[in-house]
There are 2 protein chains.
Amino acid sequence: MATRTPIYEGKAKQLFEGPEPGTLIQHFKDDATAFNNKKKGTIRGKGVINNRISEYIMENLTDMGIPNHFIKTINMREQLVYALEIIPLEVIVRNVAAGSFTERFGIDEGQPLGLPIVEYCLKNDKLGDPFLSEELIYAFDIAEPIELEEIRMQAMRVNDYVSGLFHGIGIRLIDFKLEFGRHYDEEGRSRILLADEISPDSCRLWDIKTDEKMDKDRFRRDLGDIEEAYQEVAKRLGVLPNADVTTFDTTKEKPAKKAAAKKKPSPKGKKKS
Amino acid sequence: MATRTPIYEGKAKQLFEGPEPGTLIQHFKDDATAFNNKKKGTIRGKGVINNRISEYIMENLTDMGIPNHFIKTINMREQLVYALEIIPLEVIVRNVAAGSFTERFGIDEGQPLGLPIVEYCLKNDKLGDPFLSEELIYAFDIAEPIELEEIRMQAMRVNDYVSGLFHGIGIRLIDFKLEFGRHYDEEGRSRILLADEISPDSCRLWDIKTDEKMDKDRFRRDLGDIEEAYQEVAKRLGVLPNADVTTFDTTKEKPAKKAAAKKKPSPKGKKKS
């Protein structure tokens, strides 16, 4: 594989220029961070599993008429996606109180919310992703009212579908974070597309019978069996790769030796400061 | 059990007065009809299975903040529901072309529709449930625009959730029929509630891998293994009753001897002419 042009490196994913204009390669890393980067670590095989889970869910959403950035899977860690103008919002849909929501409102974790709640936070690590009202989103010119209406509608549809999908395999979707972007056609018209990923990194997933956490909270809260939890989600969805995902690495530039190799300077290793 | 007051007898279900004002008992029969009553038969154990499946889905919909008429299960064939003023519409949501839709538009069965389509038919057996536009629904005073908007929104949400639920267990929700009604509170204010049932009687369900039909089309088209198909759906949802559902009968007035007994006149056997 020739040297590729890195576009953006996030905490758990990296974006490269795609083979055609208007496309990007989304690479899923094993790196994990929590508490706004204060906690860092590696979940072996996470990138491979999240690539598969996100592919599966995005493809199903396309079938349901919910458009999204996913085009096709390239390899075990990478997928081709549409290049979008990302809207700097973390769109959070909550079905059950958990995480920061319990602290903000003094509600016990696990309390059902009665109906799904959509929240918006500014995607800005330095500021700690502050909570936004719709009024602030318009005031800051982050999105137009018609765009936010579309985002909210799509987020609700995704939540309904994905909640059902997980219920089918004995898992409750407690809450999750979505990102959206503007996709421009050749005439410059834009439409809102779901972007990013849907995976145990971005969802809170609890086993329906045991309430056991099957998501990144196992990493955040040092609950152990992190790899096993991610694998179990993939297994129940029927998308667990056959290969040993903990060592699989498709980036040809370096040997398959896990995260340590990423610290070496390389064309794709240039981190944003 | 004392004699109960029958309220309505449909093709596959019967309604009795409930224990409290504003409630009804919904009894699931094994009777099956198709092609507007031209074909009649019995699917042994269907009532028990549909009761369980519908209970499970309605309860999950309540958890998702989608209100519906289900209150609680009474026994293997009966559930307590809210008494509604039923809106005489068959609300059909289609994800994949099948059934009458393929004939009306000359489309092959199995062709995905790109996005869910909501259709409305007048619930009127004599007229063959004719297709309605929104304009006709208002013209005939069947529902107010604000009610139809709510019905459409709920139908879409139910479709997203139930599609996900079935995808999780390897089944595609091809299309289904929903009914809605007005539920009046003590002050006479009404709200729209999902009514009826969600089951292999009201849904087209195909196995994702084999495209095998797992619904009433097996009866309509004489495909055989009807009971087994209904049981498989319940089994995958994790709600298959342990007892032999083909003989189970909870109506105490008569011995558990299947459909033949139903022809005897009895307080609950009064059929509408």
# chains A, B, ... in the order shown; residues from 1 in each chain; ligands from 1

call {"tool": "closest_atom_pairs", "arguments": {"of": "range 19-98 of chain A", "to": "range 50-68 of chain B", "cutoff": "12 Å", "atoms": "only C-alpha atoms", "output": "CSV"}}
result
residue,atom,partner,partner_atom,distance
A:Val93,CA,B:Met64,CA,11.8
A:Arg94,CA,B:Met64,CA,10.4
A:Asn95,CA,B:Met64,CA,7.2
A:Val96,CA,B:Asp63,CA,9.7

call {"tool": "interface_residues", "arguments": {"of": "chain A", "to": "chain B", "cutoff": "12 Å", "atoms": "only C-alpha atoms", "output": "VMD selection string"}}
result
chain A and resid 56 to 57 59 to 67 93 to 96 111 to 117 153 to 174 208 233 to 239

call {"tool": "select_by_dssp", "arguments": {"residues": "range 36-257 of chain B", "states": "strand (DSSP E)", "output": "PDB file with N, CA, C and O atoms, in the first residue's frame"}}
result
ATOM      1  N   LYS B  39     -60.803 -17.752   2.660  1.00  0.00           N
ATOM      2  CA  LYS B  39     -60.104 -18.942   3.136  1.00  0.00           C
ATOM      3  C   LYS B  39     -60.156 -18.958   4.656  1.00  0.00           C
ATOM      4  O   LYS B  39     -59.863 -17.955   5.290  1.00  0.00           O
ATOM      5  N   LYS B  40     -60.550 -20.102   5.212  1.00  0.00           N
ATOM      6  CA  LYS B  40     -60.647 -20.206   6.667  1.00  0.00           C
ATOM      7  C   LYS B  40     -59.935 -21.453   7.156  1.00  0.00           C
ATOM      8  O   LYS B  40     -59.899 -22.459   6.462  1.00  0.00           O
ATOM      9  N   GLY B  41     -59.403 -21.383   8.355  1.00  0.00           N
ATOM     10  CA  GLY B  41     -58.747 -22.556   8.908  1.00  0.00           C
ATOM     11  C   GLY B  41     -58.357 -22.320  10.358  1.00  0.00           C
ATOM     12  O   GLY B  41     -58.789 -21.351  10.981  1.00  0.00           O
ATOM     13  N   THR B  42     -57.585 -23.242  10.879  1.00  0.00           N
ATOM     14  CA  THR B  42     -57.119 -23.158  12.259  1.00  0.00           C
ATOM     15  C   THR B  42     -55.613 -23.408  12.276  1.00  0.00           C
ATOM     16  O   THR B  42     -55.135 -24.309  11.600  1.00  0.00           O
ATOM     17  N   PHE B  70     -51.692  -2.175  25.534  1.00  0.00           N
ATOM     18  CA  PHE B  70     -51.402  -3.334  26.385  1.00  0.00           C
ATOM     19  C   PHE B  70     -51.260  -2.936  27.860  1.00  0.00           C
ATOM     20  O   PHE B  70     -50.513  -2.024  28.196  1.00  0.00           O
ATOM     21  N   ILE B  71     -51.949  -3.635  28.728  1.00  0.00           N
ATOM     22  CA  ILE B  71     -51.812  -3.399  30.172  1.00  0.00           C
ATOM     23  C   ILE B  71     -51.056  -4.563  30.808  1.00  0.00           C
ATOM     24  O   ILE B  71     -50.002  -4.387  31.383  1.00  0.00           O
ATOM     25  N   LYS B  72     -51.597  -5.776  30.695  1.00  0.00           N
ATOM     26  CA  LYS B  72     -50.894  -6.931  31.251  1.00  0.00           C
ATOM     27  C   LYS B  72     -51.480  -8.226  30.691  1.00  0.00           C
ATOM     28  O   LYS B  72     -52.614  -8.251  30.194  1.00  0.00           O
ATOM     29  N   THR B  73     -50.685  -9.278  30.788  1.00  0.00           N
ATOM     30  CA  THR B  73     -51.158 -10.586  30.363  1.00  0.00           C
ATOM     31  C   THR B  73     -52.018 -11.193  31.467  1.00  0.00           C
ATOM     32  O   THR B  73     -51.684 -11.096  32.651  1.00  0.00           O
ATOM     33  N   ILE B  74     -53.130 -11.800  31.063  1.00  0.00           N
ATOM     34  CA  ILE B  74     -54.017 -12.438  32.035  1.00  0.00           C
ATOM     35  C   ILE B  74     -53.736 -13.934  32.089  1.00  0.00           C
ATOM     36  O   ILE B  74     -53.605 -14.521  33.149  1.00  0.00           O
ATOM     37  N   ASN B  75     -53.655 -14.555  30.935  1.00  0.00           N
ATOM     38  CA  ASN B  75     -53.341 -15.973  30.866  1.00  0.00           C
ATOM     39  C   ASN B  75     -52.784 -16.272  29.478  1.00  0.00           C
ATOM     40  O   ASN B  75     -52.484 -15.353  28.720  1.00  0.00           O
ATOM     41  N   GLU B  78     -54.953 -14.623  26.788  1.00  0.00           N
ATOM     42  CA  GLU B  78     -55.676 -13.367  27.005  1.00  0.00           C
ATOM     43  C   GLU B  78     -54.805 -12.296  27.634  1.00  0.00           C
ATOM     44  O   GLU B  78     -53.961 -12.596  28.481  1.00  0.00           O
ATOM     45  N   GLN B  79     -55.054 -11.079  27.223  1.00  0.00           N
ATOM     46  CA  GLN B  79     -54.362  -9.950  27.826  1.00  0.00           C
ATOM     47  C   GLN B  79     -55.362  -8.833  28.108  1.00  0.00           C
ATOM     48  O   GLN B  79     -56.376  -8.691  27.423  1.00  0.00           O
ATOM     49  N   LEU B  80     -55.042  -8.061  29.141  1.00  0.00           N
ATOM     50  CA  LEU B  80     -55.862  -6.918  29.500  1.00  0.00           C
ATOM     51  C   LEU B  80     -55.352  -5.717  28.699  1.00  0.00           C
ATOM     52  O   LEU B  80     -54.144  -5.460  28.657  1.00  0.00           O
ATOM     53  N   VAL B  81     -56.290  -5.017  28.056  1.00  0.00           N
ATOM     54  CA  VAL B  81     -55.903  -3.852  27.248  1.00  0.00           C
ATOM     55  C   VAL B  81     -56.839  -2.680  27.564  1.00  0.00           C
ATOM     56  O   VAL B  81     -57.917  -2.868  28.131  1.00  0.00           O
ATOM     57  N   TYR B  82     -56.407  -1.481  27.208  1.00  0.00           N
ATOM     58  CA  TYR B  82     -57.284  -0.333  27.349  1.00  0.00           C
ATOM     59  C   TYR B  82     -58.388  -0.388  26.294  1.00  0.00           C
ATOM     60  O   TYR B  82     -58.134  -0.766  25.148  1.00  0.00           O
ATOM     61  N   GLU B  85     -61.361   3.840  21.312  1.00  0.00           N
ATOM     62  CA  GLU B  85     -62.243   4.100  20.169  1.00  0.00           C
ATOM     63  C   GLU B  85     -61.390   3.826  18.930  1.00  0.00           C
ATOM     64  O   GLU B  85     -60.533   4.639  18.565  1.00  0.00           O
ATOM     65  N   ILE B  86     -61.576   2.655  18.350  1.00  0.00           N
ATOM     66  CA  ILE B  86     -60.685   2.231  17.265  1.00  0.00           C
ATOM     67  C   ILE B  86     -60.896   3.103  16.030  1.00  0.00           C
ATOM     68  O   ILE B  86     -62.027   3.374  15.629  1.00  0.00           O
ATOM     69  N   LEU B  89     -58.792   2.270  10.435  1.00  0.00           N
ATOM     70  CA  LEU B  89     -57.724   2.264   9.427  1.00  0.00           C
ATOM     71  C   LEU B  89     -56.844   1.049   9.639  1.00  0.00           C
ATOM     72  O   LEU B  89     -56.522   0.710  10.781  1.00  0.00           O
ATOM     73  N   GLU B  90     -56.453   0.408   8.538  1.00  0.00           N
ATOM     74  CA  GLU B  90     -55.353  -0.537   8.597  1.00  0.00           C
ATOM     75  C   GLU B  90     -54.123   0.246   8.177  1.00  0.00           C
ATOM     76  O   GLU B  90     -54.030   0.699   7.028  1.00  0.00           O
ATOM     77  N   VAL B  91     -53.230   0.450   9.100  1.00  0.00           N
ATOM     78  CA  VAL B  91     -52.010   1.209   8.819  1.00  0.00           C
ATOM     79  C   VAL B  91     -50.928   0.204   8.469  1.00  0.00           C
ATOM     80  O   VAL B  91     -50.536  -0.613   9.306  1.00  0.00           O
ATOM     81  N   ILE B  92     -50.486   0.244   7.223  1.00  0.00           N
ATOM     82  CA  ILE B  92     -49.526  -0.751   6.747  1.00  0.00           C
ATOM     83  C   ILE B  92     -48.179  -0.077   6.547  1.00  0.00           C
ATOM     84  O   ILE B  92     -48.096   0.969   5.903  1.00  0.00           O
ATOM     85  N   VAL B  93     -47.148  -0.653   7.136  1.00  0.00           N
ATOM     86  CA  VAL B  93     -45.791  -0.150   6.926  1.00  0.00           C
ATOM     87  C   VAL B  93     -45.032  -1.209   6.144  1.00  0.00           C
ATOM     88  O   VAL B  93     -45.028  -2.383   6.519  1.00  0.00           O
ATOM     89  N   ARG B  94     -44.426  -0.773   5.043  1.00  0.00           N
ATOM     90  CA  ARG B  94     -43.727  -1.697   4.143  1.00  0.00           C
ATOM     91  C   ARG B  94     -42.254  -1.338   4.039  1.00  0.00           C
ATOM     92  O   ARG B  94     -41.921  -0.184   3.759  1.00  0.00           O
ATOM     93  N   ASN B  95     -41.376  -2.334   4.253  1.00  0.00           N
ATOM     94  CA  ASN B  95     -39.947  -2.150   4.038  1.00  0.00           C
ATOM     95  C   ASN B  95     -39.486  -2.804   2.743  1.00  0.00           C
ATOM     96  O   ASN B  95     -38.516  -2.382   2.133  1.00  0.00           O
ATOM     97  N   VAL B  96     -40.176  -3.856   2.362  1.00  0.00           N
ATOM     98  CA  VAL B  96     -39.827  -4.661   1.189  1.00  0.00           C
ATOM     99  C   VAL B  96     -41.143  -4.954   0.459  1.00  0.00           C
ATOM    100  O   VAL B  96     -42.161  -5.198   1.095  1.00  0.00           O
ATOM    101  N   PRO B 112     -36.450  -4.452  -2.050  1.00  0.00           N
ATOM    102  CA  PRO B 112     -36.435  -3.451  -0.973  1.00  0.00           C
ATOM    103  C   PRO B 112     -37.001  -2.124  -1.481  1.00  0.00           C
ATOM    104  O   PRO B 112     -36.844  -1.780  -2.655  1.00  0.00           O
ATOM    105  N   LEU B 113     -37.655  -1.396  -0.601  1.00  0.00           N
ATOM    106  CA  LEU B 113     -38.327  -0.161  -1.020  1.00  0.00           C
ATOM    107  C   LEU B 113     -37.487   1.085  -0.751  1.00  0.00           C
ATOM    108  O   LEU B 113     -37.934   2.191  -1.029  1.00  0.00           O
ATOM    109  N   GLY B 114     -36.286   0.904  -0.215  1.00  0.00           N
ATOM    110  CA  GLY B 114     -35.402   2.065  -0.022  1.00  0.00           C
ATOM    111  C   GLY B 114     -35.669   2.770   1.290  1.00  0.00           C
ATOM    112  O   GLY B 114     -34.758   3.059   2.039  1.00  0.00           O
ATOM    113  N   LEU B 115     -36.919   3.059   1.544  1.00  0.00           N
ATOM    114  CA  LEU B 115     -37.289   3.604   2.856  1.00  0.00           C
ATOM    115  C   LEU B 115     -38.700   3.147   3.195  1.00  0.00           C
ATOM    116  O   LEU B 115     -39.449   2.786   2.292  1.00  0.00           O
ATOM    117  N   PRO B 116     -39.020   3.110   4.476  1.00  0.00           N
ATOM    118  CA  PRO B 116     -40.331   2.562   4.856  1.00  0.00           C
ATOM    119  C   PRO B 116     -41.475   3.385   4.266  1.00  0.00           C
ATOM    120  O   PRO B 116     -41.428   4.611   4.257  1.00  0.00           O
ATOM    121  N   ILE B 117     -42.484   2.695   3.780  1.00  0.00           N
ATOM    122  CA  ILE B 117     -43.661   3.343   3.210  1.00  0.00           C
ATOM    123  C   ILE B 117     -44.857   3.059   4.124  1.00  0.00           C
ATOM    124  O   ILE B 117     -45.104   1.914   4.481  1.00  0.00           O
ATOM    125  N   VAL B 118     -45.566   4.118   4.495  1.00  0.00           N
ATOM    126  CA  VAL B 118     -46.776   3.954   5.316  1.00  0.00           C
ATOM    127  C   VAL B 118     -47.991   4.094   4.412  1.00  0.00           C
ATOM    128  O   VAL B 118     -48.096   5.054   3.646  1.00  0.00           O
ATOM    129  N   GLU B 119     -48.883   3.130   4.481  1.00  0.00           N
ATOM    130  CA  GLU B 119     -50.122   3.171   3.698  1.00  0.00           C
ATOM    131  C   GLU B 119     -51.322   3.024   4.619  1.00  0.00           C
ATOM    132  O   GLU B 119     -51.221   2.423   5.690  1.00  0.00           O
ATOM    133  N   TYR B 120     -52.444   3.549   4.181  1.00  0.00           N
ATOM    134  CA  TYR B 120     -53.671   3.463   4.972  1.00  0.00           C
ATOM    135  C   TYR B 120     -54.763   2.808   4.143  1.00  0.00           C
ATOM    136  O   TYR B 120     -54.983   3.178   2.991  1.00  0.00           O
ATOM    137  N   CYS B 121     -55.444   1.833   4.737  1.00  0.00           N
ATOM    138  CA  CYS B 121     -56.621   1.247   4.100  1.00  0.00           C
ATOM    139  C   CYS B 121     -57.801   1.388   5.051  1.00  0.00           C
ATOM    140  O   CYS B 121     -57.633   1.343   6.276  1.00  0.00           O
ATOM    141  N   LEU B 122     -58.966   1.560   4.468  1.00  0.00           N
ATOM    142  CA  LEU B 122     -60.189   1.594   5.281  1.00  0.00           C
ATOM    143  C   LEU B 122     -60.464   0.189   5.803  1.00  0.00           C
ATOM    144  O   LEU B 122     -60.483  -0.772   5.031  1.00  0.00           O
ATOM    145  N   PHE B 131     -57.788   1.084  -0.324  1.00  0.00           N
ATOM    146  CA  PHE B 131     -56.655   1.988  -0.112  1.00  0.00           C
ATOM    147  C   PHE B 131     -57.148   3.427  -0.005  1.00  0.00           C
ATOM    148  O   PHE B 131     -58.021   3.847  -0.766  1.00  0.00           O
ATOM    149  N   LEU B 132     -56.586   4.189   0.935  1.00  0.00           N
ATOM    150  CA  LEU B 132     -57.011   5.576   1.152  1.00  0.00           C
ATOM    151  C   LEU B 132     -55.825   6.534   1.026  1.00  0.00           C
ATOM    152  O   LEU B 132     -54.718   6.219   1.450  1.00  0.00           O
ATOM    153  N   ILE B 171     -34.341 -12.209  11.367  1.00  0.00           N
ATOM    154  CA  ILE B 171     -35.610 -12.146  10.637  1.00  0.00           C
ATOM    155  C   ILE B 171     -35.791 -10.748  10.051  1.00  0.00           C
ATOM    156  O   ILE B 171     -35.491  -9.751  10.707  1.00  0.00           O
ATOM    157  N   ARG B 172     -36.269 -10.689   8.813  1.00  0.00           N
ATOM    158  CA  ARG B 172     -36.577  -9.384   8.209  1.00  0.00           C
ATOM    159  C   ARG B 172     -38.063  -9.093   8.361  1.00  0.00           C
ATOM    160  O   ARG B 172     -38.895  -9.929   8.007  1.00  0.00           O
ATOM    161  N   LEU B 173     -38.357  -7.895   8.840  1.00  0.00           N
ATOM    162  CA  LEU B 173     -39.752  -7.431   8.861  1.00  0.00           C
ATOM    163  C   LEU B 173     -40.038  -6.844   7.478  1.00  0.00           C
ATOM    164  O   LEU B 173     -39.602  -5.740   7.156  1.00  0.00           O
ATOM    165  N   ILE B 174     -40.761  -7.598   6.678  1.00  0.00           N
ATOM    166  CA  ILE B 174     -41.055  -7.185   5.306  1.00  0.00           C
ATOM    167  C   ILE B 174     -42.113  -6.075   5.306  1.00  0.00           C
ATOM    168  O   ILE B 174     -41.939  -5.027   4.683  1.00  0.00           O
ATOM    169  N   ASP B 175     -43.223  -6.326   5.984  1.00  0.00           N
ATOM    170  CA  ASP B 175     -44.268  -5.323   6.154  1.00  0.00           C
ATOM    171  C   ASP B 175     -45.131  -5.746   7.336  1.00  0.00           C
ATOM    172  O   ASP B 175     -45.009  -6.868   7.830  1.00  0.00           O
ATOM    173  N   PHE B 176     -45.952  -4.843   7.823  1.00  0.00           N
ATOM    174  CA  PHE B 176     -46.912  -5.231   8.845  1.00  0.00           C
ATOM    175  C   PHE B 176     -48.075  -4.266   8.896  1.00  0.00           C
ATOM    176  O   PHE B 176     -48.022  -3.189   8.319  1.00  0.00           O
ATOM    177  N   LYS B 177     -49.130  -4.708   9.559  1.00  0.00           N
ATOM    178  CA  LYS B 177     -50.356  -3.933   9.677  1.00  0.00           C
ATOM    179  C   LYS B 177     -50.544  -3.520  11.130  1.00  0.00           C
ATOM    180  O   LYS B 177     -50.427  -4.352  12.041  1.00  0.00           O
ATOM    181  N   LEU B 178     -50.800  -2.244  11.333  1.00  0.00           N
ATOM    182  CA  LEU B 178     -51.040  -1.740  12.680  1.00  0.00           C
ATOM    183  C   LEU B 178     -52.437  -1.134  12.760  1.00  0.00           C
ATOM    184  O   LEU B 178     -52.990  -0.710  11.746  1.00  0.00           O
ATOM    185  N   PHE B 180     -54.750   1.658  15.299  1.00  0.00           N
ATOM    186  CA  PHE B 180     -54.649   2.665  16.354  1.00  0.00           C
ATOM    187  C   PHE B 180     -56.044   3.045  16.838  1.00  0.00           C
ATOM    188  O   PHE B 180     -57.037   2.837  16.137  1.00  0.00           O
ATOM    189  N   GLY B 181     -56.094   3.600  18.032  1.00  0.00           N
ATOM    190  CA  GLY B 181     -57.375   4.057  18.567  1.00  0.00           C
ATOM    191  C   GLY B 181     -57.183   5.266  19.448  1.00  0.00           C
ATOM    192  O   GLY B 181     -56.055   5.661  19.765  1.00  0.00           O
ATOM    193  N   ARG B 182     -58.308   5.867  19.816  1.00  0.00           N
ATOM    194  CA  ARG B 182     -58.289   7.024  20.717  1.00  0.00           C
ATOM    195  C   ARG B 182     -58.559   6.533  22.135  1.00  0.00           C
ATOM    196  O   ARG B 182     -59.541   5.843  22.394  1.00  0.00           O
ATOM    197  N   HIS B 183     -57.675   6.905  23.037  1.00  0.00           N
ATOM    198  CA  HIS B 183     -57.858   6.583  24.442  1.00  0.00           C
ATOM    199  C   HIS B 183     -58.249   7.867  25.167  1.00  0.00           C
ATOM    200  O   HIS B 183     -57.522   8.857  25.126  1.00  0.00           O
ATOM    201  N   TYR B 184     -59.405   7.854  25.816  1.00  0.00           N
ATOM    202  CA  TYR B 184     -59.911   9.053  26.481  1.00  0.00           C
ATOM    203  C   TYR B 184     -59.599   9.019  27.968  1.00  0.00           C
ATOM    204  O   TYR B 184     -59.826   7.999  28.631  1.00  0.00           O
ATOM    205  N   SER B 190     -58.326  13.037  24.421  1.00  0.00           N
ATOM    206  CA  SER B 190     -57.950  11.780  23.778  1.00  0.00           C
ATOM    207  C   SER B 190     -56.476  11.791  23.382  1.00  0.00           C
ATOM    208  O   SER B 190     -55.901  12.840  23.123  1.00  0.00           O
ATOM    209  N   ARG B 191     -55.889  10.613  23.385  1.00  0.00           N
ATOM    210  CA  ARG B 191     -54.555  10.461  22.795  1.00  0.00           C
ATOM    211  C   ARG B 191     -54.566   9.196  21.952  1.00  0.00           C
ATOM    212  O   ARG B 191     -55.351   8.271  22.203  1.00  0.00           O
ATOM    213  N   ILE B 192     -53.694   9.188  20.959  1.00  0.00           N
ATOM    214  CA  ILE B 192     -53.619   8.061  20.032  1.00  0.00           C
ATOM    215  C   ILE B 192     -52.778   6.948  20.644  1.00  0.00           C
ATOM    216  O   ILE B 192     -51.653   7.182  21.087  1.00  0.00           O
ATOM    217  N   LEU B 193     -53.335   5.736  20.681  1.00  0.00           N
ATOM    218  CA  LEU B 193     -52.582   4.580  21.182  1.00  0.00           C
ATOM    219  C   LEU B 193     -52.576   3.476  20.134  1.00  0.00           C
ATOM    220  O   LEU B 193     -53.590   3.211  19.482  1.00  0.00           O
ATOM    221  N   LEU B 194     -51.431   2.818  20.016  1.00  0.00           N
ATOM    222  CA  LEU B 194     -51.328   1.603  19.214  1.00  0.00           C
ATOM    223  C   LEU B 194     -52.218   0.522  19.830  1.00  0.00           C
ATOM    224  O   LEU B 194     -52.229   0.342  21.046  1.00  0.00           O
ATOM    225  N   CYS B 203     -47.748  -9.490  10.632  1.00  0.00           N
ATOM    226  CA  CYS B 203     -46.456  -9.126  10.033  1.00  0.00           C
ATOM    227  C   CYS B 203     -46.090 -10.110   8.933  1.00  0.00           C
ATOM    228  O   CYS B 203     -46.413 -11.289   9.034  1.00  0.00           O
ATOM    229  N   ARG B 204     -45.368  -9.647   7.915  1.00  0.00           N
ATOM    230  CA  ARG B 204     -44.641 -10.562   7.042  1.00  0.00           C
ATOM    231  C   ARG B 204     -43.211 -10.648   7.567  1.00  0.00           C
ATOM    232  O   ARG B 204     -42.530  -9.628   7.684  1.00  0.00           O
ATOM    233  N   LEU B 205     -42.772 -11.859   7.870  1.00  0.00           N
ATOM    234  CA  LEU B 205     -41.464 -12.092   8.478  1.00  0.00           C
ATOM    235  C   LEU B 205     -40.720 -13.127   7.653  1.00  0.00           C
ATOM    236  O   LEU B 205     -41.229 -14.234   7.459  1.00  0.00           O
ATOM    237  N   TRP B 206     -39.546 -12.745   7.150  1.00  0.00           N
ATOM    238  CA  TRP B 206     -38.750 -13.696   6.361  1.00  0.00           C
ATOM    239  C   TRP B 206     -37.429 -13.953   7.064  1.00  0.00           C
ATOM    240  O   TRP B 206     -36.778 -13.018   7.548  1.00  0.00           O
ATOM    241  N   ASP B 207     -37.008 -15.196   7.074  1.00  0.00           N
ATOM    242  CA  ASP B 207     -35.687 -15.518   7.599  1.00  0.00           C
ATOM    243  C   ASP B 207     -34.632 -14.772   6.774  1.00  0.00           C
ATOM    244  O   ASP B 207     -34.679 -14.782   5.537  1.00  0.00           O
TER     245      ASP B 207
END

call {"tool": "closest_residue", "arguments": {"among": "A:Gly18, A:Pro200, A:Pro88, A:Gly99", "to": "Ile226 in chain A", "atoms": "only C-alpha atoms"}}
result
A:Pro200

call {"tool": "residues_around", "arguments": {"residues": "Lys29 in chain A", "least_positions_apart": "5", "cutoff": "8 Å", "atoms": "only C-alpha atoms", "output": "list in words"}}
result
Ala12, Lys13, Gln14, Lys46, Gly47, Val48 and Arg77 of chain A

call {"tool": "closest_residue", "arguments": {"among": "B:Asp196, B:Asp129, B:Glu134, B:Glu109", "to": "His27 in chain B", "atoms": "only C-alpha atoms"}}
result
B:Asp196

call {"tool": "atom_distance", "arguments": {"atom1": "CA of Asp185 in chain A", "atom2": "CA of His69 in chain A"}}
result
13.2 Å

call {"tool": "closest_residue", "arguments": {"among": "B:Ile142, B:Asp201, B:Thr3, B:Glu9", "to": "Arg220 in chain B", "atoms": "only C-alpha atoms"}}
result
B:Asp201

call {"tool": "select_by_dssp", "arguments": {"residues": "range 55-254 of chain B", "states": "helix (DSSP H, G or I)", "output": "ChimeraX atom specification"}}
result
/B:55-63,100-105,125-127,134-139,145-168,217-220,226-237

call {"tool": "atom_distance", "arguments": {"atom1": "CA of Lys213 in chain A", "atom2": "CA of Ala195 in chain A"}}
result
24.7 Å

call {"tool": "decode", "arguments": {"residues": "range 172-184 of chain A", "atoms": "N, CA and C atoms", "output": "PDB file, in the first residue's frame"}}
result
ATOM      1  N   ARG A 172     -29.571  -4.218  26.271  1.00  0.00           N
ATOM      2  CA  ARG A 172     -30.278  -2.934  26.296  1.00  0.00           C
ATOM      3  C   ARG A 172     -29.350  -1.820  25.846  1.00  0.00           C
ATOM      4  N   LEU A 173     -29.846  -1.019  24.927  1.00  0.00           N
ATOM      5  CA  LEU A 173     -29.114   0.189  24.536  1.00  0.00           C
ATOM      6  C   LEU A 173     -29.481   1.273  25.553  1.00  0.00           C
ATOM      7  N   ILE A 174     -28.569   1.539  26.455  1.00  0.00           N
ATOM      8  CA  ILE A 174     -28.818   2.507  27.537  1.00  0.00           C
ATOM      9  C   ILE A 174     -28.762   3.930  26.981  1.00  0.00           C
ATOM     10  N   ASP A 175     -27.668   4.237  26.289  1.00  0.00           N
ATOM     11  CA  ASP A 175     -27.531   5.531  25.622  1.00  0.00           C
ATOM     12  C   ASP A 175     -26.445   5.391  24.564  1.00  0.00           C
ATOM     13  N   PHE A 176     -26.342   6.347  23.680  1.00  0.00           N
ATOM     14  CA  PHE A 176     -25.224   6.345  22.736  1.00  0.00           C
ATOM     15  C   PHE A 176     -24.998   7.722  22.173  1.00  0.00           C
ATOM     16  N   LYS A 177     -23.823   7.884  21.567  1.00  0.00           N
ATOM     17  CA  LYS A 177     -23.404   9.156  21.013  1.00  0.00           C
ATOM     18  C   LYS A 177     -23.323   9.028  19.493  1.00  0.00           C
ATOM     19  N   LEU A 178     -23.945   9.948  18.806  1.00  0.00           N
ATOM     20  CA  LEU A 178     -23.894   9.960  17.344  1.00  0.00           C
ATOM     21  C   LEU A 178     -23.249  11.247  16.869  1.00  0.00           C
ATOM     22  N   GLU A 179     -22.676  11.184  15.661  1.00  0.00           N
ATOM     23  CA  GLU A 179     -22.196  12.404  15.014  1.00  0.00           C
ATOM     24  C   GLU A 179     -22.789  12.475  13.621  1.00  0.00           C
ATOM     25  N   PHE A 180     -22.999  13.683  13.174  1.00  0.00           N
ATOM     26  CA  PHE A 180     -23.586  13.905  11.856  1.00  0.00           C
ATOM     27  C   PHE A 180     -22.726  14.901  11.075  1.00  0.00           C
ATOM     28  N   GLY A 181     -22.884  14.854   9.752  1.00  0.00           N
ATOM     29  CA  GLY A 181     -22.153  15.801   8.921  1.00  0.00           C
ATOM     30  C   GLY A 181     -22.975  16.167   7.696  1.00  0.00           C
ATOM     31  N   ARG A 182     -22.460  17.174   6.985  1.00  0.00           N
ATOM     32  CA  ARG A 182     -23.107  17.586   5.741  1.00  0.00           C
ATOM     33  C   ARG A 182     -22.393  16.918   4.567  1.00  0.00           C
ATOM     34  N   HIS A 183     -23.158  16.253   3.733  1.00  0.00           N
ATOM     35  CA  HIS A 183     -22.607  15.644   2.523  1.00  0.00           C
ATOM     36  C   HIS A 183     -23.053  16.497   1.340  1.00  0.00           C
ATOM     37  N   TYR A 184     -22.083  17.005   0.577  1.00  0.00           N
ATOM     38  CA  TYR A 184     -22.403  17.897  -0.535  1.00  0.00           C
ATOM     39  C   TYR A 184     -22.401  17.125  -1.844  1.00  0.00           C
TER      40      TYR A 184
END
